[in-house]
file entry_23.cif (mmCIF, C-alpha atoms)
data_my_file
#
loop_
_atom_site.label_atom_id
_atom_site.label_comp_id
_atom_site.auth_asym_id
_atom_site.auth_seq_id
_atom_site.Cartn_x
_atom_site.Cartn_y
_atom_site.Cartn_z
CA MET A 1 0.00 0.00 0.00
CA MET A 2 2.92 2.34 0.65
CA GLY A 3 3.96 2.14 -3.03
CA PHE A 4 0.49 3.21 -4.17
CA ASP A 5 0.56 6.28 -1.89
CA ARG A 6 3.93 7.29 -3.29
CA MET A 7 2.71 6.75 -6.86
CA VAL A 8 -0.36 8.94 -6.26
CA GLU A 9 1.83 11.60 -4.64
CA GLU A 10 4.20 11.57 -7.62
CA LYS A 11 1.30 12.01 -10.05
CA THR A 12 0.17 15.18 -8.29
CA VAL A 13 3.43 17.04 -8.84
CA LEU A 14 2.91 19.98 -11.16
CA SER A 15 6.00 21.30 -12.92
CA LEU A 16 6.46 24.97 -13.74
CA ASN A 17 6.24 24.19 -17.47
CA GLU A 18 2.92 22.41 -17.00
CA ALA A 19 1.62 25.22 -14.81
CA LEU A 20 2.62 27.89 -17.34
CA TYR A 21 1.02 25.89 -20.16
CA MET A 22 -2.23 25.65 -18.19
CA VAL A 23 -2.14 29.35 -17.29
CA PHE A 24 -1.57 30.54 -20.87
CA HIS A 25 -4.24 28.14 -22.14
CA SER A 26 -6.66 29.61 -19.59
CA ILE A 27 -5.71 33.15 -20.63
CA ARG A 28 -6.45 32.35 -24.28
CA LEU A 29 -9.86 30.90 -23.36
CA ARG A 30 -10.90 33.88 -21.23
CA LEU A 31 -9.41 36.75 -23.17
CA GLY A 32 -12.36 39.11 -22.65
CA ARG A 33 -12.23 38.92 -18.86
CA ILE A 34 -8.45 38.96 -18.93
CA VAL A 35 -8.50 42.29 -20.75
CA ILE A 36 -10.69 43.75 -17.98
CA VAL A 37 -8.16 42.70 -15.33
CA ILE A 38 -5.24 44.09 -17.33
CA VAL A 39 -7.06 47.39 -18.01
CA ALA A 40 -7.84 47.86 -14.30
CA ILE A 41 -4.19 47.39 -13.38
CA THR A 42 -2.95 49.44 -16.34
CA ALA A 43 -5.17 52.41 -15.49
CA SER A 44 -4.16 52.54 -11.83
CA ILE A 45 -0.44 52.16 -12.55
CA ALA A 46 -0.58 54.75 -15.35
CA TYR A 47 -2.29 57.13 -12.94
CA MET A 48 0.29 56.48 -10.22
CA VAL A 49 3.28 56.92 -12.58
CA SER A 50 1.95 60.09 -14.21
CA LEU A 51 1.09 61.52 -10.79
CA GLU A 52 4.58 60.77 -9.55
CA LEU A 53 6.16 62.39 -12.62
CA LEU A 54 3.95 65.45 -12.25
CA ALA A 55 4.56 65.83 -8.50
CA LYS A 56 7.03 68.68 -9.04
CA VAL A 57 4.63 70.48 -11.38
CA ILE A 58 1.81 70.07 -8.87
CA ALA A 59 4.16 71.08 -6.03
CA SER A 60 4.79 74.45 -7.61
CA ASN A 61 1.16 75.30 -6.81
CA MET A 62 1.03 73.72 -3.34
CA PRO A 63 3.03 73.86 -0.12
CA PRO A 64 5.82 71.22 -0.13
CA GLU A 65 4.44 69.29 2.86
CA ALA A 66 1.01 68.99 1.25
CA ILE A 67 2.25 67.52 -2.04
CA SER A 68 3.47 64.21 -0.60
CA THR A 69 0.20 63.71 1.27
CA TYR A 70 -1.79 64.64 -1.83
CA THR A 71 0.06 62.24 -4.15
CA LEU A 72 -0.02 59.48 -1.54
CA MET A 73 -3.79 59.77 -1.08
CA LEU A 74 -4.44 59.79 -4.82
CA SER A 75 -2.14 56.79 -5.34
CA ILE A 76 -3.81 54.84 -2.54
CA THR A 77 -7.22 55.60 -4.05
CA ALA A 78 -6.08 54.31 -7.44
CA ILE A 79 -4.63 51.16 -5.87
CA VAL A 80 -7.80 50.42 -3.86
CA VAL A 81 -9.93 50.84 -6.99
CA ALA A 82 -7.57 48.52 -8.90
CA ILE A 83 -7.73 45.88 -6.14
CA ALA A 84 -11.54 46.01 -6.06
CA GLY A 85 -11.86 45.81 -9.84
CA THR A 86 -9.28 43.05 -10.14
CA MET A 87 -10.80 41.00 -7.31
CA ASN A 88 -14.27 41.35 -8.83
CA SER A 89 -13.04 40.18 -12.24
CA LEU A 90 -11.09 37.31 -10.69
CA LEU A 91 -14.10 36.16 -8.66
CA ILE A 92 -16.17 36.03 -11.85
CA MET A 93 -13.39 34.28 -13.82
CA ILE A 94 -12.83 31.71 -11.09
CA GLY A 95 -16.58 31.18 -10.67
CA GLU A 96 -16.79 30.32 -14.36
CA ARG A 97 -14.05 27.74 -13.84
CA TYR A 98 -15.60 25.70 -11.02
CA HIS A 99 -16.23 22.73 -13.32
CA GLU A 100 -12.64 22.89 -14.57
CA ILE A 101 -11.36 23.08 -10.98
CA GLY A 102 -13.58 20.16 -9.95
CA THR A 103 -12.29 18.08 -12.85
CA MET A 104 -8.67 18.88 -12.01
CA LYS A 105 -9.24 17.98 -8.36
CA SER A 106 -10.98 14.73 -9.28
CA PHE A 107 -7.88 13.79 -11.31
CA GLY A 108 -5.60 14.38 -8.34
CA ALA A 109 -4.83 18.10 -8.22
CA ARG A 110 -4.35 19.20 -4.63
CA ASP A 111 -5.60 22.44 -3.13
CA ILE A 112 -2.13 23.94 -3.37
CA HIS A 113 -1.99 23.20 -7.12
CA ILE A 114 -5.25 25.06 -7.74
CA PHE A 115 -4.14 27.95 -5.54
CA GLU A 116 -0.73 28.20 -7.25
CA LEU A 117 -2.22 28.06 -10.76
CA LEU A 118 -4.69 30.84 -10.03
CA LEU A 119 -2.02 32.91 -8.29
CA LEU A 120 0.42 32.44 -11.18
CA GLU A 121 -2.23 33.47 -13.70
CA SER A 122 -3.07 36.59 -11.71
CA LEU A 123 0.59 37.55 -11.29
CA ILE A 124 1.22 37.25 -15.03
CA LEU A 125 -1.79 39.46 -15.75
CA THR A 126 -0.88 42.07 -13.15
CA ILE A 127 2.74 42.27 -14.33
CA ILE A 128 1.51 42.84 -17.89
CA GLY A 129 -0.92 45.48 -16.62
CA GLY A 130 1.78 47.09 -14.48
CA PHE A 131 4.20 47.33 -17.39
CA LEU A 132 1.55 48.75 -19.74
CA GLY A 133 0.49 51.21 -17.05
CA TYR A 134 4.11 52.24 -16.58
CA LEU A 135 4.50 52.95 -20.30
CA ILE A 136 1.23 54.90 -20.51
CA GLY A 137 1.92 56.83 -17.30
CA LEU A 138 5.44 57.65 -18.45
CA GLY A 139 4.09 58.98 -21.73
CA ILE A 140 1.41 61.08 -20.05
CA GLY A 141 3.73 62.35 -17.34
CA TYR A 142 6.49 63.41 -19.72
CA ALA A 143 3.99 64.87 -22.20
CA LEU A 144 2.63 67.13 -19.46
CA GLY A 145 6.09 68.32 -18.45
CA GLY A 146 6.83 65.94 -15.60
CA SER A 147 10.22 64.64 -14.60
CA GLY A 148 11.52 61.68 -12.66
CA ASP A 149 13.63 58.54 -12.71
CA PRO A 150 12.08 56.07 -15.19
CA LEU A 151 13.90 53.01 -13.77
CA TYR A 152 12.69 53.77 -10.25
CA LEU A 153 9.17 54.16 -11.60
CA LEU A 154 9.41 50.88 -13.52
CA GLY A 155 10.41 49.02 -10.36
CA LYS A 156 7.71 50.73 -8.34
CA SER A 157 5.09 50.01 -11.03
CA ILE A 158 5.91 46.31 -11.18
CA ALA A 159 6.09 46.02 -7.37
CA VAL A 160 2.75 47.78 -6.88
CA SER A 161 1.07 45.75 -9.63
CA ILE A 162 2.35 42.50 -8.07
CA GLY A 163 1.04 43.70 -4.70
CA ILE A 164 -2.35 44.46 -6.24
CA GLY A 165 -2.38 41.01 -7.86
CA LEU A 166 -1.49 39.23 -4.62
CA VAL A 167 -4.06 41.08 -2.52
CA ALA A 168 -6.80 40.68 -5.12
CA THR A 169 -6.08 36.99 -5.73
CA ILE A 170 -5.69 35.53 -2.24
CA TYR A 171 -9.39 35.22 -1.37
CA PRO A 172 -10.75 33.99 -4.74
CA SER A 173 -7.90 31.50 -5.16
CA TYR A 174 -8.16 30.18 -1.61
CA HIS A 175 -11.92 29.79 -1.92
CA ALA A 176 -11.60 27.92 -5.23
CA ALA A 177 -8.82 25.68 -3.92
CA LYS A 178 -10.89 24.60 -0.91
CA LEU A 179 -13.85 23.40 -3.00
CA SER A 180 -14.37 19.66 -2.99
CA PRO A 181 -14.44 18.07 -6.46
CA VAL A 182 -18.11 17.10 -6.04
CA GLU A 183 -19.09 20.58 -4.87
CA ALA A 184 -17.17 22.25 -7.72
CA LEU A 185 -18.79 20.01 -10.33
CA ARG A 186 -22.25 20.53 -8.86
CA ILE A 187 -22.17 24.36 -8.95
CA GLU A 188 -23.99 25.88 -11.91
CA VAL A 189 -22.71 29.25 -13.07
#
call {"tool": "encode", "arguments": {"input": "entry_23.cif", "output": "structure tokens"}}
result
Amino acid sequence: MMGFDRMVEEKTVLSLNEALYMVFHSIRLRLGRIVIVIVAITASIAYMVSLELLAKVIASNMPPEAISTYTLMLSITAIVVAIAGTMNSLLIMIGERYHEIGTMKSFGARDIHIFELLLLESLILTIIGGFLGYLIGLGIGYALGGSGDPLYLLGKSIAVSIGIGLVATIYPSYHAAKLSPVEALRIEV
């Protein structure tokens, strides 16, 4: 019996190549919803980057101590909106995949596999959105006369977009991973 347990355990190992294949296949199937997630991230990061580039221009009309508070509050607002929009889209996308998740679990996928797949998919989408937002924000900020360090802003954009992705993905992914195969297959969406 010990050999069977080891064999079952070996079959549930999911390599990075397999995970990436599954993620990109899922992205192709759900392109419409994927675009919504990417646009939400792109808009908030573009707003944050352009605001950061324009901080000196805005500061010329405000007291110096007020500018950092002002830009921080606007950036936090953009991030909260991005998290809410991303989480909403992910909840809908994951809800549409309950049958797929139930099938994967019935074939031996463990909770951690489901969680990791959904997290990987979200991180890929948020990095794409963060990079696009960086490019758009950079263009807007420089076009309006802003200045700043583009490499610093790239790092900040990617870090913030990953943070948005992680925060927005934890609950939907955890909830989907904890579904039993029977429950996941029974749910009608």
call {"tool": "resolve_selection", "arguments": {"input": "entry_23.cif", "expression": "the PyMOL selection byres ((chain A and resi 39) around 10)", "output": "list in words"}}
result
Arg33, Ile34, Val35, Ile36, Val37, Ile38, Ala40, Ile41, Thr42, Ala43, Ser44, Ile45, Ala82, Gly85, Thr86, Leu125, Thr126, Ile128, Gly129, Gly130, Leu132 and Gly133 of chain A
call {"tool": "resolve_selection", "arguments": {"input": "entry_23.cif", "expression": "the PyMOL selection byres ((chain A and resi 65-77) around 9)", "output": "list in words"}}
result
Ser44, Ile45, Tyr47, Met48, Leu51, Glu52, Ala55, Lys56, Ile58, Ala59, Met62, Pro63, Pro64, Ala78, Ile79, Val80, Val81 and Ala82 of chain A
call {"tool": "residues_around", "arguments": {"input": "entry_23.cif", "residues": "range 87-96 of chain A", "least_positions_apart": "3", "cutoff": "12 Å", "atoms": "only C-alpha atoms", "output": "PyMOL selection string"}}
result
chain A and resi 26-27+29-41+79-84+99-102+114-115+117-119+121-123+125-126+164-177+179+184-185+187-189
call {"tool": "write_last_selection", "arguments": {"input": "entry_23.cif", "atoms": "C-alpha atoms", "output": "PDB file, in the coordinates of the input"}}
result
ATOM      1  CA  SER A  26      -6.660  29.610 -19.590  1.00  0.00           C
ATOM      2  CA  ILE A  27      -5.710  33.150 -20.630  1.00  0.00           C
ATOM      3  CA  LEU A  29      -9.860  30.900 -23.360  1.00  0.00           C
ATOM      4  CA  ARG A  30     -10.900  33.880 -21.230  1.00  0.00           C
ATOM      5  CA  LEU A  31      -9.410  36.750 -23.170  1.00  0.00           C
ATOM      6  CA  GLY A  32     -12.360  39.110 -22.650  1.00  0.00           C
ATOM      7  CA  ARG A  33     -12.230  38.920 -18.860  1.00  0.00           C
ATOM      8  CA  ILE A  34      -8.450  38.960 -18.930  1.00  0.00           C
ATOM      9  CA  VAL A  35      -8.500  42.290 -20.750  1.00  0.00           C
ATOM     10  CA  ILE A  36     -10.690  43.750 -17.980  1.00  0.00           C
ATOM     11  CA  VAL A  37      -8.160  42.700 -15.330  1.00  0.00           C
ATOM     12  CA  ILE A  38      -5.240  44.090 -17.330  1.00  0.00           C
ATOM     13  CA  VAL A  39      -7.060  47.390 -18.010  1.00  0.00           C
ATOM     14  CA  ALA A  40      -7.840  47.860 -14.300  1.00  0.00           C
ATOM     15  CA  ILE A  41      -4.190  47.390 -13.380  1.00  0.00           C
ATOM     16  CA  ILE A  79      -4.630  51.160  -5.870  1.00  0.00           C
ATOM     17  CA  VAL A  80      -7.800  50.420  -3.860  1.00  0.00           C
ATOM     18  CA  VAL A  81      -9.930  50.840  -6.990  1.00  0.00           C
ATOM     19  CA  ALA A  82      -7.570  48.520  -8.900  1.00  0.00           C
ATOM     20  CA  ILE A  83      -7.730  45.880  -6.140  1.00  0.00           C
ATOM     21  CA  ALA A  84     -11.540  46.010  -6.060  1.00  0.00           C
ATOM     22  CA  HIS A  99     -16.230  22.730 -13.320  1.00  0.00           C
ATOM     23  CA  GLU A 100     -12.640  22.890 -14.570  1.00  0.00           C
ATOM     24  CA  ILE A 101     -11.360  23.080 -10.980  1.00  0.00           C
ATOM     25  CA  GLY A 102     -13.580  20.160  -9.950  1.00  0.00           C
ATOM     26  CA  ILE A 114      -5.250  25.060  -7.740  1.00  0.00           C
ATOM     27  CA  PHE A 115      -4.140  27.950  -5.540  1.00  0.00           C
ATOM     28  CA  LEU A 117      -2.220  28.060 -10.760  1.00  0.00           C
ATOM     29  CA  LEU A 118      -4.690  30.840 -10.030  1.00  0.00           C
ATOM     30  CA  LEU A 119      -2.020  32.910  -8.290  1.00  0.00           C
ATOM     31  CA  GLU A 121      -2.230  33.470 -13.700  1.00  0.00           C
ATOM     32  CA  SER A 122      -3.070  36.590 -11.710  1.00  0.00           C
ATOM     33  CA  LEU A 123       0.590  37.550 -11.290  1.00  0.00           C
ATOM     34  CA  LEU A 125      -1.790  39.460 -15.750  1.00  0.00           C
ATOM     35  CA  THR A 126      -0.880  42.070 -13.150  1.00  0.00           C
ATOM     36  CA  ILE A 164      -2.350  44.460  -6.240  1.00  0.00           C
ATOM     37  CA  GLY A 165      -2.380  41.010  -7.860  1.00  0.00           C
ATOM     38  CA  LEU A 166      -1.490  39.230  -4.620  1.00  0.00           C
ATOM     39  CA  VAL A 167      -4.060  41.080  -2.520  1.00  0.00           C
ATOM     40  CA  ALA A 168      -6.800  40.680  -5.120  1.00  0.00           C
ATOM     41  CA  THR A 169      -6.080  36.990  -5.730  1.00  0.00           C
ATOM     42  CA  ILE A 170      -5.690  35.530  -2.240  1.00  0.00           C
ATOM     43  CA  TYR A 171      -9.390  35.220  -1.370  1.00  0.00           C
ATOM     44  CA  PRO A 172     -10.750  33.990  -4.740  1.00  0.00           C
ATOM     45  CA  SER A 173      -7.900  31.500  -5.160  1.00  0.00           C
ATOM     46  CA  TYR A 174      -8.160  30.180  -1.610  1.00  0.00           C
ATOM     47  CA  HIS A 175     -11.920  29.790  -1.920  1.00  0.00           C
ATOM     48  CA  ALA A 176     -11.600  27.920  -5.230  1.00  0.00           C
ATOM     49  CA  ALA A 177      -8.820  25.680  -3.920  1.00  0.00           C
ATOM     50  CA  LEU A 179     -13.850  23.400  -3.000  1.00  0.00           C
ATOM     51  CA  ALA A 184     -17.170  22.250  -7.720  1.00  0.00           C
ATOM     52  CA  LEU A 185     -18.790  20.010 -10.330  1.00  0.00           C
ATOM     53  CA  ILE A 187     -22.170  24.360  -8.950  1.00  0.00           C
ATOM     54  CA  GLU A 188     -23.990  25.880 -11.910  1.00  0.00           C
ATOM     55  CA  VAL A 189     -22.710  29.250 -13.070  1.00  0.00           C
TER      56      VAL A 189
END
call {"tool": "axis_aligned_box", "arguments": {"input": "entry_23.cif", "around": "range 146-159 of chain A", "padding_each_side": "5 Å", "output": "JSON"}}
result
{"center_x": 9.5, "center_y": 56.0, "center_z": -11.5, "size_x": 18.8, "size_y": 29.9, "size_z": 18.2}
call {"tool": "residues_near_point", "arguments": {"input": "entry_23.cif", "point": "(6.4, 63.4, -19.4)", "cutoff": "12 Å", "atoms": "all atoms listed in the file", "output": "JSON, numbers by chain"}}
result
{"A": [46, 49, 50, 51, 52, 53, 54, 55, 56, 57, 134, 135, 136, 137, 138, 139, 140, 141, 142, 143, 144, 145, 146, 147, 148, 149, 150]}
call {"tool": "atom_distance", "arguments": {"input": "entry_23.cif", "atom1": "CA of Glu18 in chain A", "atom2": "CA of Ile127 in chain A"}}
result
20.0 Å
call {"tool": "atom_distance", "arguments": {"input": "entry_23.cif", "atom1": "CA of Leu16 in chain A", "atom2": "CA of Thr103 in chain A"}}
result
20.0 Å
call {"tool": "atom_distance", "arguments": {"input": "entry_23.cif", "atom1": "CA of Phe24 in chain A", "atom2": "CA of Ile124 in chain A"}}
result
9.3 Å
call {"tool": "closest_residue", "arguments": {"input": "entry_23.cif", "among": "A:Phe131, A:Arg186, A:Tyr152, A:Leu120", "to": "Val23 in chain A", "atoms": "all atoms listed in the file"}}
result
A:Leu120
call {"tool": "build_atoms", "arguments": {"input": "entry_23.cif", "residues": "range 145-168 of chain A", "atoms": "N, CA and C atoms", "output": "PDB file, keeping the file's coordinate frame"}}
result
ATOM      1  N   GLY A 145       4.980  67.574 -19.029  1.00  0.00           N
ATOM      2  CA  GLY A 145       6.090  68.320 -18.450  1.00  0.00           C
ATOM      3  C   GLY A 145       6.646  67.773 -17.159  1.00  0.00           C
ATOM      4  N   GLY A 146       6.327  66.543 -16.829  1.00  0.00           N
ATOM      5  CA  GLY A 146       6.830  65.940 -15.600  1.00  0.00           C
ATOM      6  C   GLY A 146       8.271  65.499 -15.731  1.00  0.00           C
ATOM      7  N   SER A 147       8.856  65.159 -14.593  1.00  0.00           N
ATOM      8  CA  SER A 147      10.220  64.640 -14.600  1.00  0.00           C
ATOM      9  C   SER A 147      10.356  63.620 -13.480  1.00  0.00           C
ATOM     10  N   GLY A 148      11.292  62.702 -13.663  1.00  0.00           N
ATOM     11  CA  GLY A 148      11.520  61.680 -12.660  1.00  0.00           C
ATOM     12  C   GLY A 148      12.393  60.578 -13.208  1.00  0.00           C
ATOM     13  N   ASP A 149      12.763  59.647 -12.343  1.00  0.00           N
ATOM     14  CA  ASP A 149      13.630  58.540 -12.710  1.00  0.00           C
ATOM     15  C   ASP A 149      12.797  57.392 -13.281  1.00  0.00           C
ATOM     16  N   PRO A 150      12.916  57.109 -14.586  1.00  0.00           N
ATOM     17  CA  PRO A 150      12.080  56.070 -15.190  1.00  0.00           C
ATOM     18  C   PRO A 150      12.365  54.662 -14.658  1.00  0.00           C
ATOM     19  N   LEU A 151      13.606  54.355 -14.293  1.00  0.00           N
ATOM     20  CA  LEU A 151      13.900  53.010 -13.770  1.00  0.00           C
ATOM     21  C   LEU A 151      13.282  52.811 -12.387  1.00  0.00           C
ATOM     22  N   TYR A 152      13.339  53.840 -11.558  1.00  0.00           N
ATOM     23  CA  TYR A 152      12.690  53.770 -10.250  1.00  0.00           C
ATOM     24  C   TYR A 152      11.193  53.548 -10.428  1.00  0.00           C
ATOM     25  N   LEU A 153      10.607  54.288 -11.356  1.00  0.00           N
ATOM     26  CA  LEU A 153       9.170  54.160 -11.600  1.00  0.00           C
ATOM     27  C   LEU A 153       8.798  52.803 -12.172  1.00  0.00           C
ATOM     28  N   LEU A 154       9.673  52.224 -12.995  1.00  0.00           N
ATOM     29  CA  LEU A 154       9.410  50.880 -13.520  1.00  0.00           C
ATOM     30  C   LEU A 154       9.377  49.869 -12.380  1.00  0.00           C
ATOM     31  N   GLY A 155      10.382  49.925 -11.509  1.00  0.00           N
ATOM     32  CA  GLY A 155      10.410  49.020 -10.360  1.00  0.00           C
ATOM     33  C   GLY A 155       9.207  49.194  -9.460  1.00  0.00           C
ATOM     34  N   LYS A 156       8.866  50.445  -9.197  1.00  0.00           N
ATOM     35  CA  LYS A 156       7.710  50.730  -8.340  1.00  0.00           C
ATOM     36  C   LYS A 156       6.420  50.243  -9.000  1.00  0.00           C
ATOM     37  N   SER A 157       6.296  50.441 -10.303  1.00  0.00           N
ATOM     38  CA  SER A 157       5.090  50.010 -11.030  1.00  0.00           C
ATOM     39  C   SER A 157       4.913  48.502 -10.965  1.00  0.00           C
ATOM     40  N   ILE A 158       5.992  47.775 -11.212  1.00  0.00           N
ATOM     41  CA  ILE A 158       5.910  46.310 -11.180  1.00  0.00           C
ATOM     42  C   ILE A 158       5.626  45.833  -9.758  1.00  0.00           C
ATOM     43  N   ALA A 159       6.306  46.427  -8.764  1.00  0.00           N
ATOM     44  CA  ALA A 159       6.090  46.020  -7.370  1.00  0.00           C
ATOM     45  C   ALA A 159       4.645  46.289  -6.937  1.00  0.00           C
ATOM     46  N   VAL A 160       4.128  47.450  -7.267  1.00  0.00           N
ATOM     47  CA  VAL A 160       2.750  47.780  -6.880  1.00  0.00           C
ATOM     48  C   VAL A 160       1.756  46.883  -7.613  1.00  0.00           C
ATOM     49  N   SER A 161       2.001  46.614  -8.888  1.00  0.00           N
ATOM     50  CA  SER A 161       1.070  45.750  -9.630  1.00  0.00           C
ATOM     51  C   SER A 161       1.098  44.322  -9.076  1.00  0.00           C
ATOM     52  N   ILE A 162       2.269  43.829  -8.689  1.00  0.00           N
ATOM     53  CA  ILE A 162       2.350  42.500  -8.070  1.00  0.00           C
ATOM     54  C   ILE A 162       1.598  42.510  -6.735  1.00  0.00           C
ATOM     55  N   GLY A 163       1.769  43.577  -5.964  1.00  0.00           N
ATOM     56  CA  GLY A 163       1.040  43.700  -4.700  1.00  0.00           C
ATOM     57  C   GLY A 163      -0.467  43.697  -4.914  1.00  0.00           C
ATOM     58  N   ILE A 164      -0.920  44.439  -5.907  1.00  0.00           N
ATOM     59  CA  ILE A 164      -2.350  44.460  -6.240  1.00  0.00           C
ATOM     60  C   ILE A 164      -2.811  43.049  -6.606  1.00  0.00           C
ATOM     61  N   GLY A 165      -2.025  42.371  -7.439  1.00  0.00           N
ATOM     62  CA  GLY A 165      -2.380  41.010  -7.860  1.00  0.00           C
ATOM     63  C   GLY A 165      -2.457  40.051  -6.688  1.00  0.00           C
ATOM     64  N   LEU A 166      -1.492  40.131  -5.779  1.00  0.00           N
ATOM     65  CA  LEU A 166      -1.490  39.230  -4.620  1.00  0.00           C
ATOM     66  C   LEU A 166      -2.699  39.490  -3.725  1.00  0.00           C
ATOM     67  N   VAL A 167      -2.933  40.746  -3.398  1.00  0.00           N
ATOM     68  CA  VAL A 167      -4.060  41.080  -2.520  1.00  0.00           C
ATOM     69  C   VAL A 167      -5.386  40.689  -3.158  1.00  0.00           C
ATOM     70  N   ALA A 168      -5.538  40.960  -4.436  1.00  0.00           N
ATOM     71  CA  ALA A 168      -6.800  40.680  -5.120  1.00  0.00           C
ATOM     72  C   ALA A 168      -7.021  39.197  -5.373  1.00  0.00           C
TER      73      ALA A 168
END
